[in-house]
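A.B. asks: Next up, input14.pdb (PDB, C-alpha atoms, pLDDT in the B column).
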```pdb
ATOM      1  CA  MET Z1242     154.486  49.044 131.828  1.00 37.00           C
ATOM      2  CA  PRO Z1243     152.037  50.076 129.074  1.00 41.00           C
ATOM      3  CA  LYS Z1244     148.399  49.371 129.730  1.00 46.00           C
ATOM      4  CA  ARG Z1245     146.993  46.310 127.945  1.00 46.00           C
ATOM      5  CA  TYR Z1246     143.464  45.465 126.871  1.00 44.00           C
ATOM      6  CA  PRO Z1247     143.260  41.627 126.635  1.00 45.00           C
ATOM      7  CA  CYS Z1248     139.769  41.526 125.151  1.00 57.00           C
ATOM      8  CA  VAL Z1249     137.977  41.239 121.841  1.00 71.00           C
ATOM      9  CA  MET Z1250     136.929  44.457 120.085  1.00 79.00           C
ATOM     10  CA  ASP Z1251     136.320  45.788 116.623  1.00 83.00           C
ATOM     11  CA  VAL Z1252     138.572  48.216 114.761  1.00 86.00           C
ATOM     12  CA  ASN Z1253     136.578  51.299 115.794  1.00 84.00           C
ATOM     13  CA  GLU Z1254     136.776  50.525 119.503  1.00 80.00           C
ATOM     14  CA  ALA Z1255     140.483  49.718 119.232  1.00 81.00           C
ATOM     15  CA  ALA Z1256     141.029  53.060 117.482  1.00 80.00           C
ATOM     16  CA  ALA Z1257     139.161  54.986 120.167  1.00 75.00           C
ATOM     17  CA  ARG Z1258     141.120  53.280 122.948  1.00 73.00           C
ATOM     18  CA  MET Z1259     144.444  53.888 121.233  1.00 73.00           C
ATOM     19  CA  GLY Z1260     143.652  57.475 120.268  1.00 68.00           C
ATOM     20  CA  VAL Z1261     144.313  56.835 116.559  1.00 74.00           C
ATOM     21  CA  THR Z1262     142.158  56.447 113.441  1.00 80.00           C
ATOM     22  CA  PRO Z1263     140.589  53.125 112.350  1.00 85.00           C
ATOM     23  CA  ARG Z1264     142.786  53.283 109.241  1.00 85.00           C
ATOM     24  CA  ARG Z1265     145.876  53.344 111.468  1.00 84.00           C
ATOM     25  CA  VAL Z1266     144.614  50.305 113.387  1.00 87.00           C
ATOM     26  CA  ARG Z1267     144.138  48.384 110.128  1.00 88.00           C
ATOM     27  CA  ALA Z1268     147.656  49.345 109.076  1.00 89.00           C
ATOM     28  CA  LEU Z1269     149.083  48.092 112.377  1.00 88.00           C
ATOM     29  CA  ILE Z1270     147.142  44.841 111.946  1.00 89.00           C
ATOM     30  CA  SER Z1271     148.575  44.349 108.442  1.00 90.00           C
ATOM     31  CA  GLU Z1272     152.065  44.996 109.837  1.00 89.00           C
ATOM     32  CA  GLY Z1273     151.529  42.338 112.497  1.00 87.00           C
ATOM     33  CA  LYS Z1274     151.806  44.829 115.362  1.00 84.00           C
ATOM     34  CA  ILE Z1275     148.273  44.256 116.671  1.00 86.00           C
ATOM     35  CA  PRO Z1276     146.903  40.705 117.104  1.00 87.00           C
ATOM     36  CA  ALA Z1277     143.656  40.334 115.148  1.00 88.00           C
ATOM     37  CA  GLN Z1278     141.637  37.821 113.188  1.00 88.00           C
ATOM     38  CA  ARG Z1279     139.016  37.981 110.446  1.00 87.00           C
ATOM     39  CA  SER Z1280     135.407  37.368 111.464  1.00 81.00           C
ATOM     40  CA  GLY Z1281     132.464  37.904 109.159  1.00 79.00           C
ATOM     41  CA  GLY Z1282     134.664  39.728 106.672  1.00 80.00           C
ATOM     42  CA  LYS Z1283     135.958  42.209 109.289  1.00 84.00           C
ATOM     43  CA  TRP Z1284     138.979  42.446 111.556  1.00 87.00           C
ATOM     44  CA  VAL Z1285     138.460  41.617 115.232  1.00 85.00           C
ATOM     45  CA  VAL Z1286     141.266  42.785 117.534  1.00 86.00           C
ATOM     46  CA  THR Z1287     142.101  40.120 120.110  1.00 81.00           C
ATOM     47  CA  ASP Z1288     144.668  42.038 122.174  1.00 76.00           C
ATOM     48  CA  LEU Z1289     145.726  45.659 122.343  1.00 70.00           C
ATOM     49  CA  PRO Z1290     149.261  46.186 123.669  1.00 63.00           C
ATOM     50  CA  GLY Z1291     150.534  49.648 124.332  1.00 54.00           C
ATOM     51  CA  ALA Z1292     147.149  51.381 124.256  1.00 52.00           C
ATOM     52  CA  ARG Z1293     146.781  54.702 125.987  1.00 50.00           C
ATOM     53  CA  SER Z1294     144.631  54.990 129.050  1.00 53.00           C
ATOM     54  CA  ARG Z1295     141.669  57.290 128.473  1.00 70.00           C
ATOM     55  CA  ARG Z1296     143.047  60.715 129.210  1.00 82.00           C
ATOM     56  CA  PRO Z1297     140.972  63.913 128.842  1.00 90.00           C
ATOM     57  CA  LEU Z1298     140.306  64.995 125.287  1.00 93.00           C
ATOM     58  CA  SER Z1299     141.685  68.235 123.949  1.00 94.00           C
ATOM     59  CA  PRO Z1300     139.263  71.224 124.008  1.00 96.00           C
ATOM     60  CA  ALA Z1301     138.873  70.977 120.215  1.00 96.00           C
ATOM     61  CA  SER Z1302     138.077  67.256 120.384  1.00 96.00           C
ATOM     62  CA  ARG Z1303     135.505  67.857 123.137  1.00 97.00           C
ATOM     63  CA  VAL Z1304     133.781  70.508 121.015  1.00 97.00           C
ATOM     64  CA  GLN Z1305     133.672  68.145 118.025  1.00 97.00           C
ATOM     65  CA  LEU Z1306     132.362  65.226 120.080  1.00 97.00           C
ATOM     66  CA  ALA Z1307     129.782  67.322 121.954  1.00 98.00           C
ATOM     67  CA  LYS Z1308     128.387  68.696 118.683  1.00 97.00           C
ATOM     68  CA  ALA Z1309     128.203  65.197 117.172  1.00 98.00           C
ATOM     69  CA  LEU Z1310     126.512  63.752 120.262  1.00 97.00           C
ATOM     70  CA  HIS Z1311     123.887  66.493 120.344  1.00 96.00           C
ATOM     71  CA  SER Z1312     123.164  66.687 116.621  1.00 95.00           C
ATOM     72  CA  ARG Z1313     123.729  62.988 115.835  1.00 95.00           C
ATOM     73  CA  SER Z1314     125.731  64.190 112.866  1.00 97.00           C
ATOM     74  CA  LEU Z1315     129.376  64.243 111.794  1.00 97.00           C
ATOM     75  CA  SER Z1316     128.734  67.105 109.387  1.00 96.00           C
ATOM     76  CA  GLY Z1317     131.587  69.606 109.154  1.00 96.00           C
ATOM     77  CA  LEU Z1318     134.294  67.132 110.166  1.00 96.00           C
ATOM     78  CA  ASP Z1319     136.939  65.633 107.907  1.00 95.00           C
ATOM     79  CA  GLY Z1320     140.249  63.804 108.077  1.00 92.00           C
ATOM     80  CA  GLN Z1321     141.381  62.535 111.470  1.00 91.00           C
ATOM     81  CA  ALA Z1322     138.747  64.601 113.306  1.00 95.00           C
ATOM     82  CA  LEU Z1323     136.032  62.743 111.402  1.00 95.00           C
ATOM     83  CA  SER Z1324     137.546  59.287 111.952  1.00 92.00           C
ATOM     84  CA  ARG Z1325     138.287  59.828 115.623  1.00 92.00           C
ATOM     85  CA  THR Z1326     134.904  61.353 116.444  1.00 95.00           C
ATOM     86  CA  ALA Z1327     133.118  58.492 114.670  1.00 94.00           C
ATOM     87  CA  ALA Z1328     135.208  55.951 116.605  1.00 91.00           C
ATOM     88  CA  ARG Z1329     134.457  57.718 119.901  1.00 93.00           C
ATOM     89  CA  LEU Z1330     130.726  57.708 119.193  1.00 95.00           C
ATOM     90  CA  HIS Z1331     130.911  54.005 118.390  1.00 92.00           C
ATOM     91  CA  LEU Z1332     132.719  53.293 121.665  1.00 89.00           C
ATOM     92  CA  LEU Z1333     130.170  55.288 123.691  1.00 93.00           C
ATOM     93  CA  ARG Z1334     127.260  53.456 122.082  1.00 93.00           C
ATOM     94  CA  THR Z1335     128.685  49.977 122.528  1.00 89.00           C
ATOM     95  CA  SER Z1336     130.377  50.292 125.929  1.00 87.00           C
ATOM     96  CA  ASP Z1337     128.719  48.873 129.028  1.00 85.00           C
ATOM     97  CA  ASN Z1338     129.916  51.941 130.937  1.00 87.00           C
ATOM     98  CA  PRO Z1339     129.871  55.012 128.655  1.00 92.00           C
ATOM     99  CA  ALA Z1340     129.419  57.216 131.726  1.00 92.00           C
ATOM    100  CA  ARG Z1341     132.947  56.365 132.872  1.00 88.00           C
ATOM    101  CA  ILE Z1342     134.322  57.058 129.400  1.00 91.00           C
ATOM    102  CA  LEU Z1343     132.628  60.457 129.215  1.00 94.00           C
ATOM    103  CA  LEU Z1344     133.994  61.418 132.626  1.00 91.00           C
ATOM    104  CA  ASP Z1345     137.493  60.348 131.595  1.00 90.00           C
ATOM    105  CA  TRP Z1346     137.281  62.401 128.396  1.00 94.00           C
ATOM    106  CA  TRP Z1347     135.952  65.483 130.243  1.00 95.00           C
ATOM    107  CA  GLY Z1348     138.427  65.171 133.094  1.00 90.00           C
ATOM    108  CA  GLY Z1349     135.843  64.088 135.662  1.00 90.00           C
ATOM    109  CA  THR Z1350     133.828  67.314 135.437  1.00 92.00           C
ATOM    110  CA  ALA Z1351     130.568  68.508 133.852  1.00 94.00           C
ATOM    111  CA  ASN Z1352     132.279  71.606 132.487  1.00 93.00           C
ATOM    112  CA  GLU Z1353     130.643  71.657 129.053  1.00 96.00           C
ATOM    113  CA  LYS Z1354     128.774  74.425 127.211  1.00 96.00           C
ATOM    114  CA  ASP Z1355     126.490  72.059 125.292  1.00 97.00           C
ATOM    115  CA  ALA Z1356     123.440  71.479 127.515  1.00 97.00           C
ATOM    116  CA  TYR Z1357     122.770  67.943 126.227  1.00 97.00           C
ATOM    117  CA  VAL Z1358     126.300  66.713 126.928  1.00 97.00           C
ATOM    118  CA  ARG Z1359     126.467  68.621 130.209  1.00 97.00           C
ATOM    119  CA  ASN Z1360     123.342  66.744 131.330  1.00 97.00           C
ATOM    120  CA  LEU Z1361     124.969  63.425 130.405  1.00 97.00           C
ATOM    121  CA  LEU Z1362     128.063  64.350 132.406  1.00 95.00           C
ATOM    122  CA  GLN Z1363     125.981  65.395 135.425  1.00 96.00           C
ATOM    123  CA  ARG Z1364     124.143  62.074 135.314  1.00 95.00           C
ATOM    124  CA  ALA Z1365     127.466  60.257 135.048  1.00 92.00           C
ATOM    125  CA  ILE Z1366     128.831  62.115 138.079  1.00 93.00           C
ATOM    126  CA  ALA Z1367     125.641  61.231 139.985  1.00 92.00           C
ATOM    127  CA  GLY Z1368     126.271  57.550 139.249  1.00 90.00           C
ATOM    128  CA  ASP Z1369     123.416  57.074 136.766  1.00 93.00           C
ATOM    129  CA  THR Z1370     125.421  54.689 134.585  1.00 92.00           C
ATOM    130  CA  ALA Z1371     122.362  52.856 133.273  1.00 94.00           C
ATOM    131  CA  GLY Z1372     120.599  56.101 132.377  1.00 96.00           C
ATOM    132  CA  VAL Z1373     123.585  57.405 130.411  1.00 96.00           C
ATOM    133  CA  ARG Z1374     123.929  54.090 128.595  1.00 96.00           C
ATOM    134  CA  GLU Z1375     120.231  53.986 127.696  1.00 97.00           C
ATOM    135  CA  GLU Z1376     120.262  57.593 126.471  1.00 97.00           C
ATOM    136  CA  LEU Z1377     123.232  57.023 124.180  1.00 96.00           C
ATOM    137  CA  ARG Z1378     121.711  53.841 122.736  1.00 94.00           C
ATOM    138  CA  ARG Z1379     118.160  55.163 122.416  1.00 92.00           C
ATOM    139  CA  ARG Z1380     116.711  55.111 118.901  1.00 89.00           C
ATOM    140  CA  ARG Z1381     114.951  58.370 118.176  1.00 89.00           C
ATOM    141  CA  PRO Z1382     112.716  58.694 115.090  1.00 94.00           C
ATOM    142  CA  ALA Z1383     114.777  60.605 112.536  1.00 95.00           C
ATOM    143  CA  TYR Z1384     113.035  63.388 110.604  1.00 95.00           C
ATOM    144  CA  LEU Z1385     114.684  62.966 107.213  1.00 94.00           C
ATOM    145  CA  SER Z1386     112.364  65.089 105.088  1.00 93.00           C
ATOM    146  CA  THR Z1387     115.006  66.243 102.577  1.00 93.00           C
ATOM    147  CA  ALA Z1388     117.617  64.403 100.554  1.00 92.00           C
ATOM    148  CA  ASP Z1389     120.365  66.364 102.346  1.00 94.00           C
ATOM    149  CA  ARG Z1390     119.145  65.245 105.778  1.00 95.00           C
ATOM    150  CA  LEU Z1391     118.885  61.665 104.589  1.00 95.00           C
ATOM    151  CA  ALA Z1392     122.387  61.837 103.095  1.00 96.00           C
ATOM    152  CA  ASP Z1393     123.894  63.226 106.297  1.00 97.00           C
ATOM    153  CA  ARG Z1394     122.273  60.600 108.533  1.00 97.00           C
ATOM    154  CA  ILE Z1395     123.331  57.698 106.319  1.00 97.00           C
ATOM    155  CA  ALA Z1396     126.918  58.961 106.001  1.00 97.00           C
ATOM    156  CA  THR Z1397     127.133  59.616 109.744  1.00 98.00           C
ATOM    157  CA  GLU Z1398     125.757  56.247 110.829  1.00 97.00           C
ATOM    158  CA  ARG Z1399     127.820  54.352 108.260  1.00 97.00           C
ATOM    159  CA  ARG Z1400     131.006  55.885 109.666  1.00 95.00           C
ATOM    160  CA  ILE Z1401     129.985  55.269 113.269  1.00 95.00           C
ATOM    161  CA  HIS Z1402     129.272  51.630 112.408  1.00 93.00           C
ATOM    162  CA  GLY Z1403     132.680  51.434 110.702  1.00 90.00           C
ATOM    163  CA  LEU Z1404     131.226  50.263 107.383  1.00 93.00           C
ATOM    164  CA  SER Z1405     132.487  50.923 103.881  1.00 94.00           C
ATOM    165  CA  HIS Z1406     129.983  51.773 101.140  1.00 96.00           C
ATOM    166  CA  ALA Z1407     130.234  48.203  99.861  1.00 96.00           C
ATOM    167  CA  GLU Z1408     129.764  46.675 103.324  1.00 95.00           C
ATOM    168  CA  LEU Z1409     126.679  48.787 104.001  1.00 97.00           C
ATOM    169  CA  ALA Z1410     125.240  47.906 100.585  1.00 97.00           C
ATOM    170  CA  GLU Z1411     125.739  44.198 101.263  1.00 97.00           C
ATOM    171  CA  LYS Z1412     124.170  44.479 104.715  1.00 96.00           C
ATOM    172  CA  ALA Z1413     121.171  46.366 103.316  1.00 97.00           C
ATOM    173  CA  GLY Z1414     120.765  44.144 100.270  1.00 97.00           C
ATOM    174  CA  VAL Z1415     121.139  46.981  97.756  1.00 96.00           C
ATOM    175  CA  GLU Z1416     123.652  47.954  95.098  1.00 96.00           C
ATOM    176  CA  ARG Z1417     126.693  49.959  96.167  1.00 96.00           C
ATOM    177  CA  THR Z1418     125.610  52.742  93.801  1.00 95.00           C
ATOM    178  CA  VAL Z1419     122.409  53.132  95.835  1.00 95.00           C
ATOM    179  CA  VAL Z1420     124.406  53.925  98.985  1.00 96.00           C
ATOM    180  CA  LEU Z1421     126.657  56.315  97.058  1.00 96.00           C
ATOM    181  CA  ASP Z1422     123.677  58.108  95.504  1.00 95.00           C
ATOM    182  CA  LEU Z1423     121.915  58.457  98.856  1.00 95.00           C
ATOM    183  CA  GLU Z1424     125.017  59.909 100.502  1.00 96.00           C
ATOM    184  CA  ARG Z1425     125.354  62.363  97.612  1.00 95.00           C
ATOM    185  CA  GLY Z1426     121.819  63.631  98.177  1.00 92.00           C
ATOM    186  CA  ARG Z1427     120.322  61.894  95.165  1.00 87.00           C
ATOM    187  CA  ALA Z1428     116.893  60.628  96.125  1.00 70.00           C
ATOM    188  CA  THR Z1429     115.815  57.225  94.825  1.00 73.00           C
ATOM    189  CA  HIS Z1430     112.639  56.677  92.832  1.00 75.00           C
ATOM    190  CA  SER Z1431     111.049  54.499  95.497  1.00 85.00           C
ATOM    191  CA  PRO Z1432     111.312  54.432  99.315  1.00 89.00           C
ATOM    192  CA  GLY Z1433     112.340  50.780  99.484  1.00 92.00           C
ATOM    193  CA  PRO Z1434     116.127  51.160  99.022  1.00 93.00           C
ATOM    194  CA  SER Z1435     116.310  54.098 101.444  1.00 94.00           C
ATOM    195  CA  ARG Z1436     114.394  52.189 104.091  1.00 95.00           C
ATOM    196  CA  ARG Z1437     116.603  49.107 103.680  1.00 96.00           C
ATOM    197  CA  VAL Z1438     119.765  51.171 104.099  1.00 97.00           C
ATOM    198  CA  LEU Z1439     118.365  52.943 107.158  1.00 97.00           C
ATOM    199  CA  ARG Z1440     117.227  49.627 108.656  1.00 97.00           C
ATOM    200  CA  ALA Z1441     120.741  48.233 108.224  1.00 97.00           C
ATOM    201  CA  LEU Z1442     122.013  51.227 110.222  1.00 97.00           C
ATOM    202  CA  ASP Z1443     119.325  50.833 112.904  1.00 95.00           C
ATOM    203  CA  VAL Z1444     117.754  54.201 112.016  1.00 96.00           C
ATOM    204  CA  VAL Z1445     113.978  54.637 112.224  1.00 95.00           C
ATOM    205  CA  PRO Z1446     112.782  57.466 109.928  1.00 95.00           C
ATOM    206  CA  SER Z1447     109.721  59.512 110.843  1.00 94.00           C
ATOM    207  CA  ALA Z1448     109.821  61.131 107.394  1.00 93.00           C
ATOM    208  CA  LEU Z1449     111.628  60.633 104.087  1.00 92.00           C
ATOM    209  CA  PRO Z1450     112.149  63.028 101.170  1.00 90.00           C
ATOM    210  CA  PRO Z1451     109.840  62.828  98.148  1.00 84.00           C
ATOM    211  CA  MET Z1452     111.166  60.090  95.943  1.00 71.00           C
ATOM    212  CA  GLY Z1453     112.997  61.253  92.825  1.00 55.00           C
ATOM    213  CA  VAL Z1454     113.228  64.847  94.070  1.00 48.00           C
ATOM    214  CA  ALA Z1455     116.564  66.255  95.271  1.00 45.00           C
ATOM    215  CA  SER Z1456     116.595  68.780  98.102  1.00 42.00           C
TER     216      SER Z1456
END
```
Can you dump the structure from the file as structure tokens?

C.D. replies:
Amino acid sequence: MPKRYPCVMDVNEAAARMGVTPRRVRALISEGKIPAQRSGGKWVVTDLPGARSRRPLSPASRVQLAKALHSRSLSGLDGQALSRTAARLHLLRTSDNPARILLDWWGGTANEKDAYVRNLLQRAIAGDTAGVREELRRRRPAYLSTADRLADRIATERRIHGLSHAELAEKAGVERTVVLDLERGRATHSPGPSRRVLRALDVVPSALPPMGVAS
């Protein structure tokens, strides 16, 4: 019988568990194939029939995920690779046992070229579940000294959080055009809007670009 996940989760986590994109999950919800309900303006999946167990990722997917984990950026990804990597990062950050997930995705080994991810896998193998969880959730000050760096971090975190431009704007208390301009590398004329958007994404900046000056 197919594996079932009788629990509550958001669209990103459901996508990561099913091995599909968040858009596909929303489509299945609208077709009535996945039980879900609206909560706070978002879909909450209440049961997940027919989901895949977590099998090892393909070599290409491991490379994409390792790069994103190390750099904290989704830069260079598009299409399904972008959606799936964002959903996997979301699952790792929110799971109580990301160590187990990492080991599943890497086939139970620490065979990884990227030193940062290899260290995480070695800690997972050693049973340091709490340490892996704390590392993945740790908030590091983000050095966002140029408009391009600021744009990349906002776009990356928005996708990991599973927010649309409008949803992020509402959460931050700014206009949607502010979020769009920031993601396009257009610096605002005051630091307030940038800081509100970053705060909504749980990002602590150690530097911001000069206001009104594009990189």

A.B. asks: Might you spell out which residues the PyMOL selection byres ((chain Z and resi 1332) around 9) would select in the displayed file, as a ChimeraX atom specification?

C.D. replies: /Z:1253-1255,1257-1258,1327-1331,1333-1336,1339,1342

A.B. asks: If you measure from atom CA of Leu1404 of chain Z to atom CA of Ser1447 of chain Z, what distance in Å do you get, rounded to one decimal?

C.D. replies: 23.7 Å

A.B. asks: Counting all atoms listed in the file, which of Z:Asp1389, Z:Glu1272, Z:Asp1443, Z:Arg1295 gets nearest to Ser1316 of chain Z?

C.D. replies: Z:Asp1389

A.B. asks: Apply the PyMOL selection byres ((chain Z and resi 1374) around 12) to the structure shown and report the selected residues as a list in words.

C.D. replies: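 Selected by the PyMOL selection byres ((chain Z and resi 1374) around 12) here: Leu1332, Leu1333, Arg1334, Thr1335, Ser1336, Asp1337, Asn1338, Pro1339, Ala1340, Arg1341, Ile1342, Leu1343, Leu1361, Leu1362, Arg1364, Ala1365, Gly1368, Asp1369, Thr1370, Ala1371, Gly1372, Val1373, Glu1375, Glu1376, Leu1377, Arg1378 and Arg1379 of chain Z.
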
A.B. asks: Just the residues within 12 Å of Ser1299 of chain Z, please, counting all atoms listed in the file, with nothing from its chain fewer than 2 positions along; format it as a ChimeraX atom specification.

C.D. replies: /Z:1260,1295-1297,1301-1306,1322,1345-1348

A.B. asks: Just how far from atom CA of Pro1263 of chain Z is atom CA of Pro1276 of chain Z, in Å to one decimal?

C.D. replies: 14.7 Å

A.B. asks: Would you mind telling me which residue in Z:Arg1394, Z:Val1438, Z:Arg1381, Z:Val1261 lies nearest to His1406 of chain Z when using all atoms listed in the file?

C.D. replies: Z:Val1438

A.B. asks: May I have the residues within 12 Å of Arg1436 of chain Z as number ranges by chain, using all atoms listed in the file and disregarding those fewer than 2 positions away in the same chain?

C.D. replies: Z: 1383, 1385, 1391, 1395, 1413-1415, 1419-1420, 1423, 1428-1429, 1431-1434, 1438-1450, 1452

A.B. asks: Any chance you could export the current selection's C-alpha atoms as a compact mmCIF listing (two decimals), in the coordinates of the input?

C.D. replies:
```
# COMPACT_ATOMS: atom_id res chain seq x y z
CA ALA Z 1383 114.78 60.60 112.54
CA LEU Z 1385 114.68 62.97 107.21
CA LEU Z 1391 118.88 61.66 104.59
CA ILE Z 1395 123.33 57.70 106.32
CA ALA Z 1413 121.17 46.37 103.32
CA GLY Z 1414 120.76 44.14 100.27
CA VAL Z 1415 121.14 46.98 97.76
CA VAL Z 1419 122.41 53.13 95.84
CA VAL Z 1420 124.41 53.92 98.98
CA LEU Z 1423 121.92 58.46 98.86
CA ALA Z 1428 116.89 60.63 96.12
CA THR Z 1429 115.82 57.22 94.82
CA SER Z 1431 111.05 54.50 95.50
CA PRO Z 1432 111.31 54.43 99.32
CA GLY Z 1433 112.34 50.78 99.48
CA PRO Z 1434 116.13 51.16 99.02
CA VAL Z 1438 119.76 51.17 104.10
CA LEU Z 1439 118.36 52.94 107.16
CA ARG Z 1440 117.23 49.63 108.66
CA ALA Z 1441 120.74 48.23 108.22
CA LEU Z 1442 122.01 51.23 110.22
CA ASP Z 1443 119.32 50.83 112.90
CA VAL Z 1444 117.75 54.20 112.02
CA VAL Z 1445 113.98 54.64 112.22
CA PRO Z 1446 112.78 57.47 109.93
CA SER Z 1447 109.72 59.51 110.84
CA ALA Z 1448 109.82 61.13 107.39
CA LEU Z 1449 111.63 60.63 104.09
CA PRO Z 1450 112.15 63.03 101.17
CA MET Z 1452 111.17 60.09 95.94
```

A.B. asks: Quick check, in Å to one decimal: how far apart do atom CA of Pro1300 of chain Z and atom CA of Ser1312 of chain Z lie?

C.D. replies: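 Here the two named atoms are 18.3 Å from each other.
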
A.B. asks: Decode the PyMOL selection byres ((chain Z and resi 1250) around 7) for the given file into explicit residues and return them as a list in words.

C.D. replies: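 Applying the PyMOL selection byres ((chain Z and resi 1250) around 7) to the structure shown produces Cys1248, Val1249, Asp1251, Val1252, Glu1254, Ala1255, Val1285, Val1286 and Thr1287 of chain Z.
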
A.B. asks: Out of Z:Arg1437, Z:Lys1354, Z:Arg1427, Z:Arg1313, which residue has the shortest atom-to-atom distance to Thr1397 of chain Z when counting all atoms listed in the file?

C.D. replies: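 Answer, going by the shortest atom-to-atom distance: Z:Arg1313.
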